file model.json (JSON, C-alpha atoms and all ligand atoms)
[["chain", "number", "residue", "atom", "x", "y", "z"],
["A", 12, "MET", "CA", 105.51, 98.92, 101.52],
["A", 13, "THR", "CA", 102.99, 96.29, 100.42],
["A", 14, "HIS", "CA", 101.30, 96.13, 97.06],
["A", 15, "PRO", "CA", 98.17, 94.30, 95.97],
["A", 16, "ALA", "CA", 99.82, 91.84, 93.57],
["A", 17, "SER", "CA", 96.45, 90.27, 92.85],
["A", 18, "THR", "CA", 94.92, 93.36, 91.21],
["A", 19, "SER", "CA", 94.67, 93.36, 87.43],
["A", 20, "ALA", "CA", 96.85, 96.45, 87.09],
["A", 21, "THR", "CA", 99.90, 94.90, 88.70],
["A", 22, "SER", "CA", 102.00, 92.18, 87.14],
["A", 23, "GLY", "CA", 102.79, 90.63, 90.50],
["A", 24, "GLY", "CA", 106.46, 91.54, 90.55],
["A", 25, "THR", "CA", 108.53, 92.91, 93.40],
["A", 26, "ALA", "CA", 109.22, 96.63, 93.80],
["A", 27, "ALA", "CA", 112.64, 96.18, 92.19],
["A", 28, "ALA", "CA", 111.16, 94.38, 89.18],
["A", 29, "ALA", "CA", 108.92, 97.21, 87.99],
["A", 30, "ALA", "CA", 110.45, 99.70, 85.54],
["A", 31, "LEU", "CA", 107.35, 101.87, 85.94],
["A", 32, "ARG", "CA", 105.15, 101.91, 89.03],
["A", 33, "LEU", "CA", 102.17, 104.14, 89.70],
["A", 34, "THR", "CA", 100.78, 103.87, 93.23],
["A", 35, "ASP", "CA", 97.34, 105.26, 94.12],
["A", 36, "VAL", "CA", 97.64, 108.01, 91.56],
["A", 37, "THR", "CA", 94.84, 110.55, 91.40],
["A", 38, "LEU", "CA", 94.93, 113.53, 89.05],
["A", 39, "ARG", "CA", 92.39, 116.31, 89.37],
["A", 40, "LEU", "CA", 92.28, 118.97, 86.69],
["A", 41, "GLY", "CA", 90.42, 122.24, 86.28],
["A", 42, "SER", "CA", 89.23, 124.83, 88.74],
["A", 43, "ASP", "CA", 87.37, 124.15, 92.00],
["A", 44, "GLN", "CA", 83.91, 124.58, 90.50],
["A", 45, "GLN", "CA", 84.60, 122.51, 87.39],
["A", 46, "GLN", "CA", 87.03, 119.95, 88.69],
["A", 47, "VAL", "CA", 87.55, 116.76, 86.70],
["A", 48, "THR", "CA", 89.09, 113.60, 88.15],
["A", 49, "ALA", "CA", 91.16, 112.57, 85.14],
["A", 50, "LEU", "CA", 92.83, 109.68, 87.05],
["A", 51, "ASP", "CA", 91.21, 108.03, 90.03],
["A", 52, "GLN", "CA", 93.37, 105.92, 92.39],
["A", 53, "VAL", "CA", 95.39, 104.27, 89.63],
["A", 54, "THR", "CA", 97.89, 101.59, 90.66],
["A", 55, "LEU", "CA", 100.00, 100.03, 87.94],
["A", 56, "ASP", "CA", 103.27, 98.12, 87.53],
["A", 57, "VAL", "CA", 105.01, 97.59, 84.22],
["A", 58, "ARG", "CA", 108.08, 95.37, 84.20],
["A", 59, "PRO", "CA", 111.07, 95.53, 81.84],
["A", 60, "GLY", "CA", 110.28, 93.79, 78.55],
["A", 61, "GLU", "CA", 106.52, 94.12, 79.02],
["A", 62, "TYR", "CA", 104.27, 95.70, 76.41],
["A", 63, "LEU", "CA", 101.08, 97.01, 78.02],
["A", 64, "ALA", "CA", 98.20, 98.43, 76.00],
["A", 65, "VAL", "CA", 95.64, 100.69, 77.68],
["A", 66, "THR", "CA", 92.34, 101.28, 75.94],
["A", 67, "GLY", "CA", 89.48, 103.58, 76.75],
["A", 68, "PRO", "CA", 87.03, 105.98, 75.17],
["A", 69, "SER", "CA", 87.75, 109.65, 74.55],
["A", 70, "GLY", "CA", 88.09, 111.50, 77.84],
["A", 71, "SER", "CA", 88.72, 108.36, 79.91],
["A", 72, "GLY", "CA", 92.17, 109.60, 81.00],
["A", 73, "LYS", "CA", 94.58, 107.93, 78.56],
["A", 74, "SER", "CA", 96.71, 111.00, 77.81],
["A", 75, "SER", "CA", 96.63, 111.94, 81.50],
["A", 76, "LEU", "CA", 97.97, 108.50, 82.40],
["A", 77, "LEU", "CA", 100.94, 108.94, 80.07],
["A", 78, "ALA", "CA", 101.57, 112.53, 81.14],
["A", 79, "VAL", "CA", 101.77, 111.45, 84.78],
["A", 80, "ALA", "CA", 103.83, 108.32, 84.03],
["A", 81, "GLY", "CA", 106.24, 110.43, 82.00],
["A", 82, "GLY", "CA", 106.67, 113.13, 84.64],
["A", 83, "LEU", "CA", 105.06, 115.78, 82.43],
["A", 84, "GLN", "CA", 102.25, 116.22, 84.94],
["A", 85, "THR", "CA", 102.45, 115.84, 88.71],
["A", 86, "PRO", "CA", 99.59, 113.84, 90.23],
["A", 87, "THR", "CA", 97.37, 115.40, 92.88],
["A", 88, "GLU", "CA", 97.92, 112.29, 95.00],
["A", 89, "GLY", "CA", 100.07, 109.18, 94.73],
["A", 90, "THR", "CA", 103.58, 108.35, 93.55],
["A", 91, "VAL", "CA", 105.21, 107.53, 90.22],
["A", 92, "HIS", "CA", 108.40, 105.47, 90.21],
["A", 93, "VAL", "CA", 110.51, 105.26, 87.06],
["A", 94, "ALA", "CA", 113.79, 103.37, 87.14],
["A", 95, "ASP", "CA", 113.78, 103.42, 90.96],
["A", 96, "ALA", "CA", 113.22, 107.17, 91.41],
["A", 97, "ASP", "CA", 109.97, 108.74, 92.60],
["A", 98, "LEU", "CA", 109.23, 111.41, 89.99],
["A", 99, "THR", "CA", 106.82, 113.16, 92.35],
["A", 100, "ALA", "CA", 109.62, 113.72, 94.90],
["A", 101, "LEU", "CA", 112.16, 115.20, 92.47],
["A", 102, "THR", "CA", 112.73, 118.88, 91.75],
["A", 103, "GLU", "CA", 111.63, 119.94, 88.28],
["A", 104, "ARG", "CA", 115.22, 120.07, 87.11],
["A", 105, "ARG", "CA", 116.03, 116.57, 88.34],
["A", 106, "ARG", "CA", 112.75, 115.25, 86.99],
["A", 107, "THR", "CA", 113.62, 116.61, 83.53],
["A", 108, "ALA", "CA", 117.06, 115.01, 83.68],
["A", 109, "HIS", "CA", 115.59, 111.69, 84.86],
["A", 110, "ARG", "CA", 112.98, 111.83, 82.11],
["A", 111, "ARG", "CA", 115.63, 112.42, 79.44],
["A", 112, "GLN", "CA", 117.72, 109.54, 80.71],
["A", 113, "HIS", "CA", 115.06, 106.90, 81.23],
["A", 114, "ILE", "CA", 111.85, 107.74, 79.38],
["A", 115, "GLY", "CA", 110.90, 107.79, 75.72],
["A", 116, "TYR", "CA", 107.67, 109.58, 74.82],
["A", 117, "VAL", "CA", 105.79, 109.30, 71.55],
["A", 118, "PHE", "CA", 103.30, 112.12, 71.21],
["A", 119, "GLN", "CA", 100.20, 111.70, 69.08],
["A", 120, "ASN", "CA", 101.14, 114.70, 66.93],
["A", 121, "ALA", "CA", 104.81, 113.56, 66.74],
["A", 122, "ASN", "CA", 106.20, 116.96, 67.93],
["A", 123, "LEU", "CA", 108.92, 117.03, 65.26],
["A", 124, "LEU", "CA", 111.26, 119.98, 64.82],
["A", 125, "ALA", "CA", 110.34, 121.90, 61.67],
["A", 126, "SER", "CA", 113.90, 122.57, 60.53],
["A", 127, "LEU", "CA", 115.23, 119.01, 60.72],
["A", 128, "THR", "CA", 115.02, 116.22, 58.16],
["A", 129, "ALA", "CA", 113.50, 112.87, 59.07],
["A", 130, "LEU", "CA", 116.92, 111.33, 59.63],
["A", 131, "GLU", "CA", 118.10, 114.32, 61.69],
["A", 132, "GLN", "CA", 115.03, 113.96, 63.96],
["A", 133, "LEU", "CA", 116.28, 110.45, 64.78],
["A", 134, "LEU", "CA", 119.86, 111.59, 65.38],
["A", 135, "LEU", "CA", 118.86, 114.46, 67.68],
["A", 136, "PRO", "CA", 118.25, 112.46, 70.92],
["A", 137, "ALA", "CA", 121.68, 110.84, 70.61],
["A", 138, "HIS", "CA", 123.24, 114.25, 69.87],
["A", 139, "VAL", "CA", 121.59, 115.83, 72.94],
["A", 140, "ALA", "CA", 122.72, 112.90, 75.09],
["A", 141, "GLY", "CA", 126.29, 113.25, 73.77],
["A", 142, "ARG", "CA", 126.09, 109.78, 72.23],
["A", 143, "LEU", "CA", 126.03, 110.53, 68.50],
["A", 144, "ASP", "CA", 128.48, 107.80, 67.51],
["A", 145, "ALA", "CA", 128.57, 105.25, 64.69],
["A", 146, "ALA", "CA", 126.30, 102.88, 66.64],
["A", 147, "ALA", "CA", 123.66, 105.60, 67.08],
["A", 148, "ARG", "CA", 123.79, 106.42, 63.35],
["A", 149, "THR", "CA", 123.40, 102.76, 62.47],
["A", 150, "ARG", "CA", 120.47, 102.37, 64.84],
["A", 151, "ALA", "CA", 118.79, 105.50, 63.43],
["A", 152, "GLY", "CA", 119.15, 104.05, 59.92],
["A", 153, "GLU", "CA", 117.72, 100.70, 61.04],
["A", 154, "LEU", "CA", 114.75, 102.33, 62.74],
["A", 155, "LEU", "CA", 114.07, 104.54, 59.72],
["A", 156, "GLU", "CA", 113.94, 101.33, 57.71],
["A", 157, "ALA", "CA", 111.77, 99.58, 60.33],
["A", 158, "VAL", "CA", 109.09, 102.28, 60.05],
["A", 159, "GLY", "CA", 109.31, 102.25, 56.24],
["A", 160, "MET", "CA", 110.75, 105.75, 55.94],
["A", 161, "THR", "CA", 114.20, 105.29, 54.42],
["A", 162, "HIS", "CA", 113.04, 106.86, 51.16],
["A", 163, "ARG", "CA", 111.90, 109.96, 53.08],
["A", 164, "ALA", "CA", 115.13, 110.42, 55.09],
["A", 165, "ASP", "CA", 115.87, 113.89, 53.68],
["A", 166, "ARG", "CA", 112.38, 115.33, 54.02],
["A", 167, "ARG", "CA", 111.34, 117.90, 56.58],
["A", 168, "PRO", "CA", 108.08, 117.56, 58.58],
["A", 169, "HIS", "CA", 106.04, 119.86, 56.28],
["A", 170, "GLN", "CA", 106.94, 117.54, 53.38],
["A", 171, "LEU", "CA", 105.59, 114.47, 55.20],
["A", 172, "SER", "CA", 102.06, 113.14, 55.71],
["A", 173, "GLY", "CA", 100.55, 112.92, 59.20],
["A", 174, "GLY", "CA", 101.13, 109.16, 59.25],
["A", 175, "GLU", "CA", 104.73, 109.58, 58.11],
["A", 176, "ARG", "CA", 105.37, 112.14, 60.85],
["A", 177, "GLN", "CA", 103.84, 109.76, 63.36],
["A", 178, "ARG", "CA", 106.20, 106.96, 62.28],
["A", 179, "ILE", "CA", 109.22, 109.28, 62.55],
["A", 180, "GLY", "CA", 108.10, 110.29, 66.06],
["A", 181, "LEU", "CA", 107.97, 106.64, 67.06],
["A", 182, "ALA", "CA", 111.38, 105.82, 65.56],
["A", 183, "ARG", "CA", 112.91, 108.86, 67.30],
["A", 184, "ALA", "CA", 111.67, 107.65, 70.70],
["A", 185, "LEU", "CA", 113.19, 104.22, 70.09],
["A", 186, "VAL", "CA", 116.70, 105.38, 69.11],
["A", 187, "LEU", "CA", 118.08, 105.48, 72.66],
["A", 188, "SER", "CA", 116.25, 102.29, 73.77],
["A", 189, "PRO", "CA", 114.59, 103.96, 76.78],
["A", 190, "GLU", "CA", 113.83, 101.87, 79.87],
["A", 191, "VAL", "CA", 110.27, 103.18, 79.83],
["A", 192, "LEU", "CA", 108.49, 103.95, 76.57],
["A", 193, "LEU", "CA", 105.18, 105.84, 76.63],
["A", 194, "VAL", "CA", 103.21, 105.89, 73.39],
["A", 195, "ASP", "CA", 100.10, 107.99, 72.75],
["A", 196, "GLU", "CA", 97.78, 106.71, 69.99],
["A", 197, "PRO", "CA", 100.58, 105.72, 67.58],
["A", 198, "THR", "CA", 98.25, 104.56, 64.80],
["A", 199, "SER", "CA", 95.64, 107.32, 64.67],
["A", 200, "ALA", "CA", 96.93, 108.60, 61.29],
["A", 201, "LEU", "CA", 97.85, 105.22, 59.79],
["A", 202, "ASP", "CA", 96.09, 102.79, 57.48],
["A", 203, "ARG", "CA", 95.39, 99.27, 58.78],
["A", 204, "ALA", "CA", 98.50, 97.61, 57.37],
["A", 205, "ARG", "CA", 100.81, 100.34, 58.71],
["A", 206, "ALA", "CA", 99.01, 100.30, 62.08],
["A", 207, "ARG", "CA", 99.67, 96.58, 62.40],
["A", 208, "ASP", "CA", 103.34, 97.08, 61.43],
["A", 209, "VAL", "CA", 103.72, 99.75, 64.13],
["A", 210, "ALA", "CA", 102.10, 97.52, 66.77],
["A", 211, "ASP", "CA", 104.42, 94.65, 65.80],
["A", 212, "LEU", "CA", 107.47, 96.96, 65.84],
["A", 213, "LEU", "CA", 106.57, 98.11, 69.36],
["A", 214, "ALA", "CA", 106.30, 94.50, 70.51],
["A", 215, "GLU", "CA", 109.61, 93.57, 68.89],
["A", 216, "GLN", "CA", 111.50, 96.59, 70.27],
["A", 217, "THR", "CA", 110.03, 96.09, 73.74],
["A", 218, "ARG", "CA", 111.40, 92.55, 73.90],
["A", 219, "GLN", "CA", 114.69, 93.28, 72.17],
["A", 220, "ASN", "CA", 115.55, 96.29, 74.38],
["A", 221, "ASN", "CA", 113.86, 95.03, 77.57],
["A", 222, "THR", "CA", 111.81, 98.23, 77.64],
["A", 223, "ALA", "CA", 108.65, 98.73, 79.70],
["A", 224, "THR", "CA", 106.20, 99.98, 77.08],
["A", 225, "VAL", "CA", 102.81, 101.57, 77.72],
["A", 226, "MET", "CA", 100.73, 102.34, 74.65],
["A", 227, "VAL", "CA", 97.37, 104.05, 74.96],
["A", 228, "THR", "CA", 94.92, 103.64, 72.09],
["A", 229, "HIS", "CA", 91.30, 103.31, 71.17],
["A", 230, "ASP", "CA", 92.29, 101.21, 68.15],
["A", 231, "THR", "CA", 91.14, 97.75, 69.27],
["A", 232, "GLU", "CA", 92.62, 96.10, 66.16],
["A", 233, "ILE", "CA", 96.20, 96.57, 67.34],
["A", 234, "LEU", "CA", 95.87, 95.00, 70.77],
["A", 235, "ASP", "CA", 96.94, 91.46, 69.77],
["A", 236, "ALA", "CA", 100.65, 92.28, 69.92],
["A", 237, "ALA", "CA", 100.46, 93.49, 73.55],
["A", 238, "ASP", "CA", 101.37, 91.29, 76.53],
["A", 239, "ARG", "CA", 98.60, 92.79, 78.63],
["A", 240, "VAL", "CA", 95.58, 94.97, 77.93],
["A", 241, "LEU", "CA", 93.92, 97.18, 80.55],
["A", 242, "ALA", "CA", 90.93, 99.49, 80.19],
["A", 243, "LEU", "CA", 90.45, 103.02, 81.50],
["A", 244, "ARG", "CA", 86.94, 104.20, 82.31],
["A", 245, "ASP", "CA", 86.40, 107.61, 83.89],
["A", 246, "GLY", "CA", 89.99, 107.63, 85.15],
["A", 247, "ARG", "CA", 89.80, 104.18, 86.71],
["A", 248, "LEU", "CA", 91.96, 101.33, 85.50],
["A", 249, "THR", "CA", 90.34, 97.90, 85.20],
["B", 301, "LIG", "N1", 93.40, 121.07, 81.49],
["B", 301, "LIG", "C1", 92.27, 120.42, 81.81],
["B", 301, "LIG", "N2", 91.37, 120.97, 82.64],
["B", 301, "LIG", "C2", 90.23, 120.32, 82.99],
["B", 301, "LIG", "N3", 89.92, 119.09, 82.56],
["B", 301, "LIG", "C3", 90.78, 118.49, 81.72],
["B", 301, "LIG", "C4", 91.99, 119.11, 81.28],
["B", 301, "LIG", "N4", 92.65, 118.26, 80.45],
["B", 301, "LIG", "C5", 91.87, 117.15, 80.34],
["B", 301, "LIG", "N5", 90.75, 117.28, 81.09],
["B", 301, "LIG", "C6", 89.67, 116.29, 81.29],
["B", 301, "LIG", "O1", 90.26, 115.15, 81.91],
["B", 301, "LIG", "C7", 89.65, 113.95, 81.40],
["B", 301, "LIG", "C8", 90.73, 113.02, 80.85],
["B", 301, "LIG", "O2", 91.32, 113.64, 79.69],
["B", 301, "LIG", "P1", 92.42, 112.88, 78.81],
["B", 301, "LIG", "O3", 92.90, 113.84, 77.78],
["B", 301, "LIG", "O4", 93.41, 112.24, 79.69],
["B", 301, "LIG", "O5", 91.52, 111.74, 78.11],
["B", 301, "LIG", "P2", 91.85, 110.77, 76.85],
["B", 301, "LIG", "O6", 91.34, 109.43, 77.22],
["B", 301, "LIG", "O7", 93.30, 110.89, 76.51],
["B", 301, "LIG", "O8", 90.98, 111.42, 75.70],
["B", 301, "LIG", "P3", 91.20, 111.38, 74.08],
["B", 301, "LIG", "O9", 91.12, 109.93, 73.67],
["B", 301, "LIG", "O10", 90.03, 112.19, 73.59],
["B", 301, "LIG", "O11", 92.53, 112.02, 73.80],
["B", 301, "LIG", "C9", 88.62, 114.41, 80.39],
["B", 301, "LIG", "O12", 87.36, 114.44, 81.02],
["B", 301, "LIG", "C10", 89.07, 115.79, 80.01],
["B", 301, "LIG", "O13", 87.97, 116.58, 79.60]]
call {"tool": "encode", "arguments": {"input": "model.json", "output": "structure tokens"}}
result
Amino acid sequence: MTHPASTSATSGGTAAAAALRLTDVTLRLGSDQQQVTALDQVTLDVRPGEYLAVTGPSGSGKSSLLAVAGGLQTPTEGTVHVADADLTALTERRRTAHRRQHIGYVFQNANLLASLTALEQLLLPAHVAGRLDAAARTRAGELLEAVGMTHRADRRPHQLSGGERQRIGLARALVLSPEVLLVDEPTSALDRARARDVADLLAEQTRQNNTATVMVTHDTEILDAADRVLALRDGRLT
């Protein structure tokens, strides 16, 4: 298989070097009469340790890009490789298992569990993975600190602000140091100083854990920390 290493959406690496690879991905949504091309022939490589930011206006396909990269949505055409497996070729069950093992996902609305405290939200992924040991507890505590939430450790989601929930959602995704980290608008509920802290934390964690990070945002003030910035327009990556 050959790949156009000269295009802006590829980092020029070999097939083995990419932690995340989308090849000619098209996603069509809606019914026949009102079909929308949410992603249009997107090709993208993200290597381990790389922090990629993708910008674009509302409706340009940012959430669709993450949903496809994370195996939450199957593309109409094209392939999605994560950690050397083609997500589009796996059964749903295997795809879910692969996702749990290799992908961290930070949803815009945080998707926290109502009954758990902030600290418990961070311990849950390790618990589910059967890895809730002293190291996981230490890491959860460090990440709680890194997002400035140590003083809110015992609070449940309804006792937190939108920005606080967002920071817990980010810390939770980082606990298991996923190989691929997909982040949807992580600063939409944050003030400027917090937004900058979150962008810097993503950059630091990406390098420290050798994670391939893709963050989508329309916040142009947090792009400095990224290694690479691409733009989505009408589902096309430029
Ligand atoms: N279920 C759906 N059926 C039909 N069209 C859809 C569906 N979901 C999204 N779309 C359309 O697909 C396009 C891409 O949507 P997407 O949510 O990926 O954009 P976005 O860049 O994340 O937008 P925002 O910044 O507003 O969240 C938009 O035109 C949207 O209206």
call {"tool": "residues_around", "arguments": {"input": "model.json", "residues": "stretch 92-108 of chain A", "least_positions_apart": "6", "cutoff": "7 Å", "atoms": "all atoms listed in the file", "output": "PyMOL selection string"}}
result
chain A and resi 30-33+82+85
call {"tool": "residues_near_ligand", "arguments": {"input": "model.json", "ligand": "ligand LIG 301 (chain B)", "cutoff": "8 Å", "atoms": "all atoms listed in the file", "output": "list in words"}}
result
Arg39, Leu40, Gly41, Ser42, Gln45, Gln46, Val47, Thr48, Ala49, Leu50, Gly67, Pro68, Ser69, Gly70, Ser71, Gly72, Lys73, Ser74, Ser75, Leu76, Thr228, His229, Leu243, Asp245 and Gly246 of chain A
call {"tool": "closest_residue", "arguments": {"input": "model.json", "among": "A:Arg183, A:Arg239, A:Arg207, A:Arg142", "to": "A:Tyr116", "atoms": "all atoms listed in the file"}}
result
A:Arg183
call {"tool": "closest_residue", "arguments": {"input": "model.json", "among": "A:Ala137, A:Leu155, A:Val240, A:Ile233", "to": "A:Ser199", "atoms": "only C-alpha atoms"}}
result
A:Ile233
call {"tool": "closest_residue", "arguments": {"input": "model.json", "among": "A:Ala145, A:Val191, A:Val36, A:Ala236", "to": "A:Ile114", "atoms": "all atoms listed in the file"}}
result
A:Val191
call {"tool": "atom_distance", "arguments": {"input": "model.json", "atom1": "atom CA of A:Asp51", "atom2": "atom CA of A:Leu248"}}
result
8.1 Å
call {"tool": "residues_around", "arguments": {"input": "model.json", "residues": "stretch 223-227 of chain A", "least_positions_apart": "4", "cutoff": "7 Å", "atoms": "all atoms listed in the file", "output": "mmCIF file with C-alpha atoms, keeping the file's coordinate frame"}}
result
data_model
loop_
_atom_site.group_PDB
_atom_site.id
_atom_site.type_symbol
_atom_site.label_atom_id
_atom_site.label_comp_id
_atom_site.auth_asym_id
_atom_site.auth_seq_id
_atom_site.Cartn_x
_atom_site.Cartn_y
_atom_site.Cartn_z
ATOM 1 C CA ALA A 30 110.450 99.700 85.540
ATOM 2 C CA VAL A 57 105.010 97.590 84.220
ATOM 3 C CA ARG A 58 108.080 95.370 84.200
ATOM 4 C CA PRO A 59 111.070 95.530 81.840
ATOM 5 C CA GLY A 60 110.280 93.790 78.550
ATOM 6 C CA GLU A 61 106.520 94.120 79.020
ATOM 7 C CA TYR A 62 104.270 95.700 76.410
ATOM 8 C CA LEU A 63 101.080 97.010 78.020
ATOM 9 C CA ALA A 64 98.200 98.430 76.000
ATOM 10 C CA VAL A 65 95.640 100.690 77.680
ATOM 11 C CA THR A 66 92.340 101.280 75.940
ATOM 12 C CA LYS A 73 94.580 107.930 78.560
ATOM 13 C CA GLU A 190 113.830 101.870 79.870
ATOM 14 C CA VAL A 191 110.270 103.180 79.830
ATOM 15 C CA LEU A 192 108.490 103.950 76.570
ATOM 16 C CA LEU A 193 105.180 105.840 76.630
ATOM 17 C CA VAL A 194 103.210 105.890 73.390
ATOM 18 C CA ASP A 195 100.100 107.990 72.750
ATOM 19 C CA GLU A 196 97.780 106.710 69.990
ATOM 20 C CA THR A 217 110.030 96.090 73.740
#
call {"tool": "closest_residue", "arguments": {"input": "model.json", "among": "A:Ala157, A:Ala242, A:Ala80, A:Ala125", "to": "A:Glu215", "atoms": "only C-alpha atoms"}}
result
A:Ala157
call {"tool": "closest_residue", "arguments": {"input": "model.json", "among": "A:Val186, A:Thr128, A:Leu133, A:Asn120", "to": "A:Thr198", "atoms": "only C-alpha atoms"}}
result
A:Asn120
call {"tool": "closest_residue", "arguments": {"input": "model.json", "among": "A:Ala28, A:Ala206, A:Leu241, A:Ala184", "to": "A:Pro136", "atoms": "all atoms listed in the file"}}
result
A:Ala184
call {"tool": "residues_around", "arguments": {"input": "model.json", "residues": "stretch 174-180 of chain A", "least_positions_apart": "6", "cutoff": "6 Å", "atoms": "only C-alpha atoms", "output": "PyMOL selection string"}}
result
chain A and resi 121+158+200-201
call {"tool": "residues_near_point", "arguments": {"input": "model.json", "point": "(100.7, 104.6, 92.9)", "cutoff": "9 Å", "atoms": "all atoms listed in the file", "output": "PyMOL selection string"}}
result
chain A and resi 32-37+52-56+88-92
call {"tool": "atom_distance", "arguments": {"input": "model.json", "atom1": "atom CA of A:Asp165", "atom2": "atom CA of A:Asp202"}}
result
23.0 Å
call {"tool": "decode", "arguments": {"input": "model.json", "residues": "stretch 204-235 of chain A", "atoms": "C-alpha atoms", "output": "PDB file, in the first residue's frame"}}
result
ATOM      1  CA  ALA A 204      -6.348  30.663  31.921  1.00  0.00           C
ATOM      2  CA  ARG A 205      -7.853  27.196  32.479  1.00  0.00           C
ATOM      3  CA  ALA A 206      -8.104  26.634  28.714  1.00  0.00           C
ATOM      4  CA  ARG A 207      -4.394  27.330  28.349  1.00  0.00           C
ATOM      5  CA  ASP A 208      -3.602  24.987  31.271  1.00  0.00           C
ATOM      6  CA  VAL A 209      -5.619  22.194  29.621  1.00  0.00           C
ATOM      7  CA  ALA A 210      -3.867  22.716  26.267  1.00  0.00           C
ATOM      8  CA  ASP A 211      -0.468  22.607  27.996  1.00  0.00           C
ATOM      9  CA  LEU A 212      -1.462  19.486  29.971  1.00  0.00           C
ATOM     10  CA  LEU A 213      -2.461  17.731  26.743  1.00  0.00           C
ATOM     11  CA  ALA A 214       0.899  18.611  25.186  1.00  0.00           C
ATOM     12  CA  GLU A 215       2.802  17.422  28.253  1.00  0.00           C
ATOM     13  CA  GLN A 216       0.884  14.141  28.584  1.00  0.00           C
ATOM     14  CA  THR A 217       1.182  13.446  24.856  1.00  0.00           C
ATOM     15  CA  ARG A 218       4.974  13.639  25.046  1.00  0.00           C
ATOM     16  CA  GLN A 219       5.327  11.925  28.409  1.00  0.00           C
ATOM     17  CA  ASN A 220       3.122   8.936  27.468  1.00  0.00           C
ATOM     18  CA  ASN A 221       4.013   8.836  23.748  1.00  0.00           C
ATOM     19  CA  THR A 222       0.311   9.134  22.955  1.00  0.00           C
ATOM     20  CA  ALA A 223      -1.093  10.113  19.555  1.00  0.00           C
ATOM     21  CA  THR A 224      -3.453  12.947  20.478  1.00  0.00           C
ATOM     22  CA  VAL A 225      -6.105  14.503  18.246  1.00  0.00           C
ATOM     23  CA  MET A 226      -7.940  17.489  19.675  1.00  0.00           C
ATOM     24  CA  VAL A 227     -10.727  19.174  17.754  1.00  0.00           C
ATOM     25  CA  THR A 228     -11.581  22.750  18.661  1.00  0.00           C
ATOM     26  CA  HIS A 229     -12.735  26.061  17.333  1.00  0.00           C
ATOM     27  CA  ASP A 230     -10.769  27.820  20.089  1.00  0.00           C
ATOM     28  CA  THR A 231      -7.884  29.299  18.081  1.00  0.00           C
ATOM     29  CA  GLU A 232      -6.165  30.577  21.238  1.00  0.00           C
ATOM     30  CA  ILE A 233      -5.127  27.095  22.358  1.00  0.00           C
ATOM     31  CA  LEU A 234      -3.415  25.966  19.166  1.00  0.00           C
ATOM     32  CA  ASP A 235       0.128  27.044  20.137  1.00  0.00           C
TER      33      ASP A 235
END
